[in-house]
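Shown next: input_36.txt, containing compact mmCIF, C-alpha atoms.
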```txt
# COMPACT_ATOMS: atom_id res chain seq x y z
CA MET A 1 -0.29 -6.23 -39.64
CA MET A 2 -4.05 -6.55 -39.28
CA LYS A 3 -5.46 -4.11 -36.78
CA SER A 4 -8.00 -6.60 -35.46
CA SER A 5 -5.59 -9.35 -34.44
CA PRO A 6 -4.32 -7.81 -31.15
CA ARG A 7 -7.88 -7.18 -30.03
CA ILE A 8 -8.93 -10.74 -30.87
CA PHE A 9 -5.98 -12.04 -28.84
CA VAL A 10 -6.89 -9.82 -25.90
CA CYS A 11 -10.53 -10.97 -25.96
CA LEU A 12 -9.59 -14.65 -26.19
CA PHE A 13 -7.06 -14.25 -23.42
CA PHE A 14 -9.67 -12.63 -21.19
CA VAL A 15 -12.12 -15.47 -21.81
CA LEU A 16 -9.47 -18.00 -20.83
CA SER A 17 -7.75 -16.08 -18.03
CA PRO A 18 -10.22 -17.01 -15.23
CA LEU A 19 -9.33 -20.64 -15.95
CA PHE A 20 -5.64 -19.80 -15.61
CA LEU A 21 -6.25 -17.97 -12.36
CA LEU A 22 -7.88 -21.05 -10.87
CA ALA A 23 -5.69 -23.69 -12.48
CA GLN A 24 -2.82 -23.86 -9.99
CA PRO A 25 -3.39 -25.05 -6.40
CA GLN A 26 -2.33 -22.44 -3.90
CA GLY A 27 0.04 -22.89 -0.99
CA GLU A 28 2.09 -20.78 1.42
CA HIS A 29 5.29 -22.66 0.51
CA ILE A 30 6.41 -22.59 -3.14
CA ILE A 31 9.68 -23.85 -4.60
CA LEU A 32 10.64 -22.64 -8.08
CA LYS A 33 13.45 -24.75 -9.56
CA ASN A 34 15.50 -24.53 -12.77
CA VAL A 35 15.22 -20.75 -12.75
CA ARG A 36 16.97 -18.25 -14.97
CA LEU A 37 16.74 -15.02 -13.01
CA LEU A 38 16.74 -11.37 -14.00
CA ASP A 39 16.34 -9.81 -10.58
CA GLY A 40 15.79 -6.23 -11.76
CA VAL A 41 18.83 -4.95 -9.88
CA SER A 42 21.77 -6.34 -11.84
CA ASN A 43 21.92 -6.32 -15.62
CA GLU A 44 22.63 -10.02 -15.97
CA ILE A 45 20.88 -13.37 -16.13
CA LYS A 46 21.70 -15.78 -13.30
CA THR A 47 21.17 -19.45 -14.13
CA GLY A 48 20.57 -22.73 -12.34
CA LEU A 49 18.76 -21.17 -9.40
CA THR A 50 16.05 -22.23 -6.98
CA VAL A 51 13.74 -19.60 -5.48
CA ILE A 52 11.82 -20.38 -2.30
CA ILE A 53 8.66 -18.52 -1.29
CA LYS A 54 6.99 -18.75 2.11
CA ASN A 55 4.07 -16.75 3.45
CA GLY A 56 4.12 -14.40 0.50
CA GLN A 57 7.82 -13.53 0.71
CA ILE A 58 10.97 -14.63 -1.06
CA THR A 59 12.95 -16.44 1.65
CA GLU A 60 15.83 -17.95 -0.32
CA ILE A 61 17.54 -17.69 -3.69
CA GLY A 62 20.29 -20.23 -4.29
CA GLU A 63 21.89 -22.71 -6.64
CA GLY A 64 20.70 -26.28 -7.13
CA ASP A 65 17.71 -28.17 -5.76
CA ARG A 66 16.23 -27.80 -2.31
CA GLN A 67 14.54 -30.38 -0.11
CA ALA A 68 10.79 -30.05 -0.59
CA SER A 69 8.39 -30.60 2.28
CA SER A 70 5.11 -32.42 1.70
CA LYS A 71 3.30 -29.06 1.93
CA ALA A 72 5.42 -27.31 -0.69
CA THR A 73 4.26 -26.62 -4.23
CA VAL A 74 7.23 -27.38 -6.49
CA VAL A 75 7.27 -25.77 -9.93
CA ASP A 76 9.87 -26.61 -12.57
CA LEU A 77 10.40 -23.41 -14.57
CA GLN A 78 12.24 -25.42 -17.24
CA ASN A 79 14.99 -22.77 -17.43
CA TYR A 80 12.58 -20.04 -18.45
CA TYR A 81 13.14 -16.52 -17.16
CA LEU A 82 11.94 -15.18 -13.80
CA LEU A 83 11.51 -11.40 -13.42
CA PRO A 84 9.89 -9.01 -10.95
CA GLY A 85 6.15 -8.55 -11.41
CA LEU A 86 5.26 -5.57 -13.58
CA ILE A 87 4.08 -2.26 -12.12
CA ASP A 88 1.59 -0.06 -13.94
CA ALA A 89 2.06 3.48 -12.65
CA HIS A 90 -0.99 5.00 -14.36
CA ALA A 91 -4.15 2.92 -14.71
CA HIS A 92 -7.91 3.33 -14.33
CA VAL A 93 -9.06 -0.05 -12.99
CA ASP A 94 -12.44 0.13 -11.26
CA ASN A 95 -13.82 -3.43 -11.20
CA LEU A 96 -12.83 -7.00 -10.44
CA ASP A 97 -12.89 -8.28 -14.03
CA ASN A 98 -10.45 -5.62 -15.19
CA ALA A 99 -8.22 -6.20 -12.16
CA ARG A 100 -8.06 -9.91 -13.05
CA ARG A 101 -7.21 -9.03 -16.64
CA ALA A 102 -4.36 -6.77 -15.52
CA LEU A 103 -3.01 -9.48 -13.23
CA ALA A 104 -3.11 -12.16 -15.92
CA TYR A 105 -0.76 -10.04 -18.04
CA GLY A 106 1.78 -9.75 -15.24
CA THR A 107 0.72 -6.49 -13.58
CA THR A 108 1.14 -7.31 -9.89
CA THR A 109 0.97 -3.67 -8.74
CA LEU A 110 -0.77 -0.64 -10.18
CA ARG A 111 -1.17 2.98 -9.22
CA SER A 112 -4.64 4.28 -9.88
CA ALA A 113 -4.89 7.51 -11.83
CA SER A 114 -8.44 8.11 -10.50
CA VAL A 115 -11.59 6.15 -11.27
CA GLY A 116 -14.40 8.62 -10.55
CA SER A 117 -15.24 6.90 -7.26
CA TYR A 118 -13.50 4.96 -4.53
CA ALA A 119 -13.62 1.58 -6.27
CA ASP A 120 -9.81 1.62 -6.36
CA VAL A 121 -9.73 1.96 -2.55
CA ALA A 122 -12.03 -1.06 -2.28
CA LEU A 123 -9.78 -3.05 -4.60
CA GLN A 124 -6.77 -2.12 -2.51
CA GLN A 125 -8.52 -3.36 0.63
CA LEU A 126 -9.59 -6.64 -1.00
CA VAL A 127 -5.99 -7.37 -1.98
CA ALA A 128 -4.57 -6.29 1.39
CA SER A 129 -7.01 -8.58 3.22
CA GLY A 130 -6.09 -11.53 1.01
CA LYS A 131 -9.60 -11.93 -0.41
CA ILE A 132 -8.25 -11.51 -3.96
CA ALA A 133 -4.72 -12.16 -5.19
CA GLY A 134 -4.04 -8.76 -6.72
CA PRO A 135 -2.84 -6.65 -8.30
CA GLU A 136 -1.95 -4.45 -5.36
CA VAL A 137 -3.55 -1.06 -5.93
CA ILE A 138 -2.25 2.38 -4.91
CA PRO A 139 -5.62 4.20 -4.97
CA ALA A 140 -6.23 7.81 -6.03
CA GLY A 141 -9.99 8.04 -5.67
CA VAL A 142 -11.57 11.18 -7.13
CA PHE A 143 -9.67 13.33 -9.63
CA VAL A 144 -8.84 16.75 -8.14
CA GLN A 145 -9.98 19.04 -10.94
CA PRO A 146 -12.21 22.10 -11.30
CA ASP A 147 -15.34 20.25 -12.48
CA LEU A 148 -15.89 16.94 -10.68
CA GLY A 149 -18.54 15.79 -13.15
CA GLY A 150 -20.08 12.45 -12.18
CA SER A 151 -17.50 12.01 -9.42
CA ILE A 152 -19.57 14.44 -7.35
CA LEU A 153 -21.63 11.36 -6.39
CA ALA A 154 -18.67 9.42 -4.98
CA ASP A 155 -19.12 10.87 -1.47
CA PRO A 156 -22.06 12.92 -0.10
CA ARG A 157 -19.61 15.51 1.23
CA LEU A 158 -18.54 16.33 -2.32
CA ALA A 159 -21.93 17.97 -2.89
CA GLU A 160 -20.51 21.13 -1.31
CA LEU A 161 -18.08 21.32 -4.25
CA TYR A 162 -20.79 21.16 -6.93
CA GLY A 163 -19.93 24.68 -8.11
CA GLY A 164 -16.33 23.69 -8.77
CA ALA A 165 -13.04 23.11 -6.94
CA GLU A 166 -10.86 26.15 -7.60
CA THR A 167 -10.60 28.17 -4.38
CA GLU A 168 -8.04 27.29 -1.73
CA GLU A 169 -10.79 26.15 0.62
CA ALA A 170 -12.37 23.91 -2.02
CA LEU A 171 -9.05 22.40 -3.11
CA ARG A 172 -8.01 21.58 0.43
CA ARG A 173 -11.43 20.12 1.18
CA LEU A 174 -11.35 17.88 -1.89
CA VAL A 175 -7.90 16.58 -0.98
CA GLN A 176 -9.07 15.96 2.60
CA ILE A 177 -12.14 14.00 1.52
CA ASN A 178 -9.98 11.84 -0.73
CA ILE A 179 -7.54 11.12 2.08
CA GLU A 180 -10.35 10.36 4.52
CA ASN A 181 -11.62 7.80 2.01
CA GLY A 182 -8.27 6.00 2.09
CA VAL A 183 -6.42 7.13 -1.02
CA LYS A 184 -2.63 6.76 -1.14
CA VAL A 185 -1.97 9.27 -3.94
CA ILE A 186 -3.69 12.44 -5.14
CA LYS A 187 -4.34 12.84 -8.86
CA THR A 188 -4.73 16.38 -10.19
CA ARG A 189 -4.23 18.18 -13.47
CA SER A 190 -2.20 21.08 -14.80
CA ALA A 191 -3.69 20.94 -18.31
CA GLU A 192 -6.71 19.62 -20.17
CA ARG A 193 -7.14 16.11 -21.58
CA ALA A 194 -5.90 14.78 -24.91
CA GLY A 195 -8.35 11.90 -25.25
CA THR A 196 -11.55 13.95 -25.54
CA PRO A 197 -12.40 15.85 -28.74
CA ASP A 198 -13.50 19.12 -27.12
CA THR A 199 -10.39 19.76 -25.01
CA ASP A 200 -6.91 21.11 -25.74
CA PRO A 201 -4.12 19.19 -23.98
CA ARG A 202 -1.91 22.31 -23.91
CA LYS A 203 -4.47 24.51 -22.12
CA GLN A 204 -3.64 25.20 -18.48
CA VAL A 205 -6.31 24.27 -15.92
CA TYR A 206 -4.77 24.93 -12.51
CA SER A 207 -2.17 27.60 -11.79
CA GLU A 208 1.10 26.93 -10.03
CA GLU A 209 -0.41 28.47 -6.90
CA GLN A 210 -3.44 26.16 -7.00
CA LEU A 211 -1.25 23.13 -7.62
CA GLY A 212 0.93 24.18 -4.71
CA ILE A 213 -2.13 24.23 -2.45
CA ILE A 214 -3.01 20.68 -3.50
CA VAL A 215 0.56 19.47 -2.90
CA ASP A 216 0.69 21.23 0.47
CA GLU A 217 -2.57 19.71 1.71
CA ALA A 218 -1.60 16.21 0.58
CA LYS A 219 1.84 16.56 2.16
CA LYS A 220 0.25 17.02 5.59
CA SER A 221 -0.78 13.36 5.42
CA GLY A 222 2.38 12.15 3.66
CA ILE A 223 0.50 11.63 0.40
CA PRO A 224 2.28 12.29 -2.94
CA VAL A 225 0.64 14.08 -5.89
CA MET A 226 0.59 13.03 -9.54
CA ALA A 227 -0.26 15.69 -12.13
CA HIS A 228 -1.85 15.17 -15.53
CA ALA A 229 0.10 17.53 -17.78
CA HIS A 230 0.56 17.15 -21.53
CA GLY A 231 1.24 20.88 -21.59
CA SER A 232 1.71 23.35 -18.71
CA VAL A 233 4.24 20.95 -17.24
CA ALA A 234 6.60 23.43 -15.58
CA PRO A 235 4.00 24.88 -13.14
CA ALA A 236 3.27 21.38 -11.84
CA VAL A 237 6.97 20.60 -11.42
CA ARG A 238 7.60 23.87 -9.57
CA ALA A 239 4.58 23.17 -7.35
CA GLY A 240 6.29 20.00 -6.11
CA VAL A 241 4.31 17.12 -7.62
CA ARG A 242 5.98 13.72 -7.43
CA SER A 243 5.27 12.74 -11.01
CA ILE A 244 4.23 14.25 -14.31
CA GLU A 245 1.71 12.17 -16.22
CA HIS A 246 2.18 12.41 -20.02
CA GLY A 247 4.48 15.46 -20.38
CA THR A 248 4.04 15.61 -24.17
CA TYR A 249 4.97 19.27 -24.65
CA ALA A 250 7.60 19.54 -21.91
CA SER A 251 10.61 21.62 -22.99
CA ARG A 252 14.20 20.58 -22.36
CA ALA A 253 14.43 23.26 -19.67
CA THR A 254 11.42 21.73 -17.92
CA LEU A 255 12.92 18.25 -18.20
CA GLU A 256 16.13 19.57 -16.64
CA LEU A 257 14.03 21.03 -13.83
CA MET A 258 12.39 17.64 -13.36
CA LYS A 259 15.80 16.01 -13.10
CA GLU A 260 16.91 18.62 -10.57
CA GLN A 261 13.81 18.13 -8.42
CA ASN A 262 13.68 14.32 -8.82
CA THR A 263 10.27 14.51 -10.49
CA TYR A 264 9.32 11.27 -12.23
CA LEU A 265 7.92 11.13 -15.77
CA VAL A 266 5.06 8.73 -16.54
CA PRO A 267 4.56 9.42 -20.25
CA THR A 268 1.82 6.87 -21.13
CA TYR A 269 3.51 6.79 -24.53
CA SER A 270 1.61 3.76 -25.82
CA THR A 271 -1.67 5.58 -25.20
CA VAL A 272 -0.61 8.36 -27.56
CA ILE A 273 0.09 5.65 -30.15
CA ASP A 274 -3.39 4.32 -29.38
CA LEU A 275 -4.85 7.74 -30.21
CA THR A 276 -3.52 7.43 -33.75
CA GLU A 277 -4.91 3.94 -34.43
CA PRO A 278 -8.47 2.58 -34.76
CA GLY A 279 -9.89 0.68 -31.78
CA GLY A 280 -8.39 0.35 -28.34
CA ASP A 281 -9.27 2.78 -25.56
CA TYR A 282 -9.58 5.78 -27.88
CA ASP A 283 -11.32 5.93 -31.24
CA HIS A 284 -12.57 9.32 -32.45
CA PRO A 285 -11.64 11.29 -35.59
CA VAL A 286 -10.63 14.42 -33.68
CA THR A 287 -8.40 12.57 -31.22
CA THR A 288 -6.93 10.46 -34.03
CA ILE A 289 -5.83 13.60 -35.89
CA ARG A 290 -4.61 15.15 -32.65
CA GLY A 291 -2.63 12.03 -31.82
CA LYS A 292 -0.77 12.21 -35.13
CA HIS A 293 0.48 15.66 -34.09
CA MET A 294 1.18 14.67 -30.49
CA LEU A 295 3.07 11.44 -31.20
CA PRO A 296 6.22 12.98 -32.74
CA GLN A 297 6.14 15.65 -30.02
CA MET A 298 6.14 12.99 -27.31
CA GLN A 299 8.82 10.94 -29.07
CA GLU A 300 11.16 13.92 -29.14
CA MET A 301 10.31 14.82 -25.54
CA LEU A 302 11.09 11.26 -24.40
CA ARG A 303 14.42 11.18 -26.23
CA GLN A 304 15.35 14.44 -24.51
CA ALA A 305 14.18 13.09 -21.15
CA MET A 306 16.43 10.05 -21.59
CA ASP A 307 19.33 12.34 -22.51
CA VAL A 308 18.73 14.55 -19.47
CA GLY A 309 18.40 11.53 -17.17
CA VAL A 310 14.83 11.96 -15.96
CA ASP A 311 13.44 8.84 -14.26
CA ILE A 312 10.90 7.40 -16.72
CA VAL A 313 8.21 4.98 -15.57
CA ALA A 314 6.01 2.66 -17.65
CA SER A 315 2.22 2.63 -17.56
CA THR A 316 -0.89 2.01 -19.67
CA ASP A 317 -3.39 4.82 -18.93
CA SER A 318 -5.94 2.03 -19.36
CA GLY A 319 -8.79 0.54 -17.38
CA TYR A 320 -7.88 -2.92 -18.80
CA GLY A 321 -11.31 -3.18 -20.34
CA PRO A 322 -12.17 -5.84 -22.95
CA GLU A 323 -11.38 -3.46 -25.84
CA SER A 324 -8.02 -2.29 -24.47
CA VAL A 325 -4.83 -3.33 -26.25
CA ASN A 326 -2.38 -1.47 -23.99
CA ARG A 327 -0.30 -3.37 -21.45
CA VAL A 328 2.71 -2.36 -19.36
CA SER A 329 4.85 -4.72 -21.41
CA THR A 330 3.79 -2.83 -24.55
CA GLU A 331 5.10 0.39 -23.03
CA VAL A 332 8.40 -1.27 -22.12
CA VAL A 333 8.89 -2.52 -25.69
CA ASN A 334 7.97 0.88 -27.09
CA PHE A 335 10.55 2.59 -24.86
CA THR A 336 13.29 0.47 -26.44
CA LYS A 337 12.17 1.60 -29.89
CA LEU A 338 12.99 5.15 -28.81
CA GLY A 339 16.50 4.20 -27.72
CA MET A 340 16.14 3.01 -24.12
CA ASP A 341 18.21 -0.11 -23.44
CA PRO A 342 16.20 -3.25 -22.54
CA PHE A 343 17.34 -3.44 -18.91
CA THR A 344 16.45 0.19 -18.16
CA ALA A 345 13.12 -0.34 -19.93
CA ILE A 346 12.37 -3.35 -17.71
CA GLN A 347 13.32 -1.30 -14.66
CA SER A 348 10.84 1.37 -15.76
CA ALA A 349 8.11 -1.18 -15.03
CA THR A 350 9.74 -2.71 -11.94
CA ILE A 351 12.22 -1.13 -9.53
CA THR A 352 12.05 2.44 -10.90
CA ALA A 353 8.26 2.29 -10.77
CA ALA A 354 8.45 0.92 -7.21
CA GLU A 355 10.66 3.85 -6.22
CA LEU A 356 8.10 6.27 -7.66
CA LEU A 357 5.33 4.54 -5.68
CA GLN A 358 7.54 4.51 -2.54
CA ILE A 359 7.26 0.74 -2.16
CA SER A 360 10.71 -0.34 -3.37
CA GLU A 361 11.64 -1.68 0.07
CA ARG A 362 9.16 -4.52 -0.45
CA THR A 363 8.63 -5.04 -4.20
CA GLY A 364 10.01 -4.17 -7.64
CA SER A 365 12.93 -6.63 -7.64
CA VAL A 366 13.56 -10.31 -6.94
CA GLU A 367 15.45 -10.30 -3.63
CA VAL A 368 15.28 -12.22 -0.39
CA GLY A 369 12.87 -10.54 2.03
CA LYS A 370 10.74 -8.92 -0.65
CA GLU A 371 7.19 -9.81 -1.58
CA ALA A 372 6.84 -12.62 -4.08
CA ASP A 373 5.51 -10.55 -6.99
CA LEU A 374 6.97 -12.36 -9.99
CA ILE A 375 6.49 -13.21 -13.66
CA VAL A 376 7.95 -15.88 -15.93
CA VAL A 377 8.63 -15.45 -19.66
CA PHE A 378 9.95 -17.78 -22.39
CA ASP A 379 12.99 -15.96 -23.76
CA ASN A 380 15.78 -13.78 -22.45
CA PRO A 381 14.25 -10.28 -22.34
CA LEU A 382 17.67 -8.65 -22.48
CA GLU A 383 18.14 -10.21 -25.92
CA ASP A 384 14.52 -9.99 -27.10
CA ILE A 385 12.52 -7.47 -25.08
CA ARG A 386 9.31 -8.61 -26.78
CA SER A 387 9.36 -11.75 -24.65
CA ILE A 388 7.84 -9.88 -21.71
CA GLN A 389 4.65 -9.50 -23.73
CA ASP A 390 4.00 -13.24 -23.33
CA VAL A 391 3.81 -13.93 -19.61
CA ILE A 392 3.49 -17.65 -18.86
CA MET A 393 3.32 -17.47 -15.07
CA VAL A 394 2.31 -14.81 -12.56
CA ILE A 395 2.92 -14.97 -8.83
CA SER A 396 1.26 -12.22 -6.80
CA ASN A 397 1.74 -11.86 -3.06
CA GLY A 398 3.19 -15.34 -2.96
CA LYS A 399 0.30 -17.03 -4.79
CA ILE A 400 0.45 -18.60 -8.23
CA VAL A 401 -2.43 -16.91 -10.00
CA HIS A 402 -1.63 -17.66 -13.64
CA ASN A 403 0.26 -20.68 -14.94
CA ARG A 404 0.69 -22.12 -18.43
CA LEU A 405 3.51 -24.51 -17.55
CA PRO A 406 4.67 -27.17 -18.16
CA PHE A 407 5.52 -27.15 -21.86
CA GLU A 408 7.01 -29.92 -23.94
CA ALA A 409 10.67 -29.38 -24.76
CA PRO A 410 11.08 -28.00 -28.32
```

Serialized structure, structure tokens:
Amino acid sequence: MMKSSPRIFVCLFFVLSPLFLLAQPQGEHIILKNVRLLDGVSNEIKTGLTVIIKNGQITEIGEGDRQASSKATVVDLQNYYLLPGLIDAHAHVDNLDNARRALAYGTTTLRSASVGSYADVALQQLVASGKIAGPEVIPAGVFVQPDLGGSILADPRLAELYGGAETEEALRRLVQINIENGVKVIKTRSAERAGTPDTDPRKQVYSEEQLGIIVDEAKKSGIPVMAHAHGSVAPAVRAGVRSIEHGTYASRATLELMKEQNTYLVPTYSTVIDLTEPGGDYDHPVTTIRGKHMLPQMQEMLRQAMDVGVDIVASTDSGYGPESVNRVSTEVVNFTKLGMDPFTAIQSATITAAELLQISERTGSVEVGKEADLIVVFDNPLEDIRSIQDVIMVISNGKIVHNRLPFEAP
């Protein structure tokens, strides 16, 4: 396979996607007919259905046609497959163009993994106010780490932390400033990065005690904590974080501890593949060589995590920039290559991800009363999981934002 072809496709898709986003007239009342449904809850395809959406919510799912009012937008899905919108549990989206790109590929919700500012908070507010269609953003704001780097400019109050954020007082203050800026999750680290050439992803950064301080301060406001940890995973788990990001070097004992404490695993597996290949989000000789060592480590860790029963959630670890080739659907497909069954893999990007983000009462599955966050694909994803990589319609918050139907019958 030519390395350049995925990137060309991504670039062409981005050029065309604004047209798709504007192509379908919007309305508060949408009727989807001739639906084959995979609701994300039951491992079966239901056929011959009609799905009715009003005011952003799914109000009815039933068999046969429904009477359409003059104000309703009626869409014939031509017996293609309707699924819950995809959730990206680890992304770095910090501008409108990249948010649109994520949405066009079916990502109707994403959890920010920090962006160096509070652009993710602003995106969340734009979506919540209805000014843009989505994706819904769970913002993290500034990365809680010893050296804030350029993020020191995100808020004037961060100037007091210029010398570093390592003492209890500094850690609590950094968490407080994030929360006061409107974040809904705190991102911290237990170990160094993998994607930069001068760091060692196994080297511990914060101790269990320091991580515990961060978790404790966030908990006061009901805010969960996500911890970057390729290595030094166990201290973060014992400190009480809600999810481990990456987890490459986690031992089986640590995975069993995660299962015991209901700690989610967000492996960003496709990003480690990206490290080993030219182009994409990462392209440096040192990280390429490192990735070739890390990839088999992560593969074995993930197989053990599946065996132990850890809840695994899909993500991209991407900003959805014009050079990125990672999508949530890519991660889902890659999970099946490691032995995960297609339905569980789809759930890793839908209902399981929604449970991690604590929003499963309103999204993550196709059910009456939930938000209309939906995607449509050509083929049965339970039979060919690759079909979710070609999204032909996206509905976000009850609005059709991407539509390539109708198609001529083959």

Show me, as a PDB file with C-alpha atoms, in the coordinates of the input, the residues that have an atom within 7 Å of Val368 of chain A when counting all atoms listed in the file, minus same-chain residues fewer than 2 positions from it.
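Resulting contents of part-v2.pdb:
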```pdb
ATOM      1  CA  ILE A  58      10.970 -14.630  -1.060  1.00  0.00           C
ATOM      2  CA  THR A  59      12.950 -16.440   1.650  1.00  0.00           C
ATOM      3  CA  GLU A  60      15.830 -17.950  -0.320  1.00  0.00           C
ATOM      4  CA  ILE A  61      17.540 -17.690  -3.690  1.00  0.00           C
ATOM      5  CA  LYS A 370      10.740  -8.920  -0.650  1.00  0.00           C
TER       6      LYS A 370
END
```

Considering all atoms listed in the file, can you say which of A:Ala191, A:Leu148, A:Leu103, A:Val376 comes closest to Gly231 of chain A?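 Among the listed residues, the smallest separation from Gly231 of chain A belongs to A:Ala191.
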
Restricting to all atoms listed in the file, whichever of A:Thr344, A:Ser324, A:Ser315, A:Asn178 is closest to Leu110 of chain A is A:Ser315

With a distance cut-off of 9 Å and all atoms listed in the file, select the neighbouring residues of Thr196 of chain A, excluding the residue or stretch itself and same-chain residues fewer than 2 positions from it, and output the selection as a ChimeraX atom specification. /A:193-194,198-200,282,284,286-287

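The interatomic distance for the pair atom CA of Ser348 of chain A and atom CA of Ile312 of chain A works out to 6.1 Å.
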
Interatomic distance, atom CA of Pro139 of chain A to atom CA of Thr288 of chain A (Å, one decimal):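 For atom CA of Pro139 of chain A relative to atom CA of Thr288 of chain A, the distance reads 29.8 Å.
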
Work out how far apart atom CA of Val233 of chain A and atom CA of Ala250 of chain A are and give it in Å to one decimal. 5.9 Å

What's around Asp390 of chain A at 8 Å? Count all atoms listed in the file, leave out sequence neighbours fewer than 3 positions away in its own chain, and write the answer as a list in words. Tyr105, Val377, Phe378, Arg386 and Ser387 of chain A

Kindly indicate which residue among A:Glu28, A:Asp147, A:Asp341, A:Glu300 lies nearest to Lys54 of chain A, using all atoms listed in the file for the distances.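 Comparing A:Glu28, A:Asp147, A:Asp341, A:Glu300 against Lys54 of chain A, the winner is A:Glu28.
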
Report as a VMD selection string all protein, DNA and RNA residues lying within 9 Å of Asp94 of chain A, evaluated on all atoms listed in the file, omitting residues in the same chain fewer than 2 positions from it. chain A and resid 92 96 to 99 112 114 to 120 123 319

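Checking A:Leu338, A:Ile53, A:Ile289, A:Ala234 one by one against Ile395 of chain A, counting only C-alpha atoms, you find the shortest gap at A:Ile53.
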
List the spatial neighbours of Ser251 of chain A as a PyMOL selection string - criterion: any atom at most 12 Å away, all atoms listed in the file, same-chain residues fewer than 5 positions off excluded. chain A and resi 230-234+256-258+297-298+300-305+308

Listed atoms of segment 197-209 of chain A boxed axis-aligned with 6 Å per side, centre + edges as AutoDock Vina command-line options:
```
--center_x -6.2 --center_y 22.2 --center_z -17.8 --size_x 26.6 --size_y 24.6 --size_z 33.8
```

Point out the residue among A:Gln389, A:Ser243, A:Asn34, A:Gln204 with the least atom-to-atom distance to Thr263 of chain A, counting all atoms listed in the file.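 The shortest atom-to-atom distance to Thr263 of chain A comes from A:Ser243.
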
Which of these residues is nearest to Ala349 of chain A, using only C-alpha atoms: A:Glu383, A:Glu277, A:Asp88, A:Glu245?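 Ranked by minimum distance to Ala349 of chain A, first place goes to A:Asp88.
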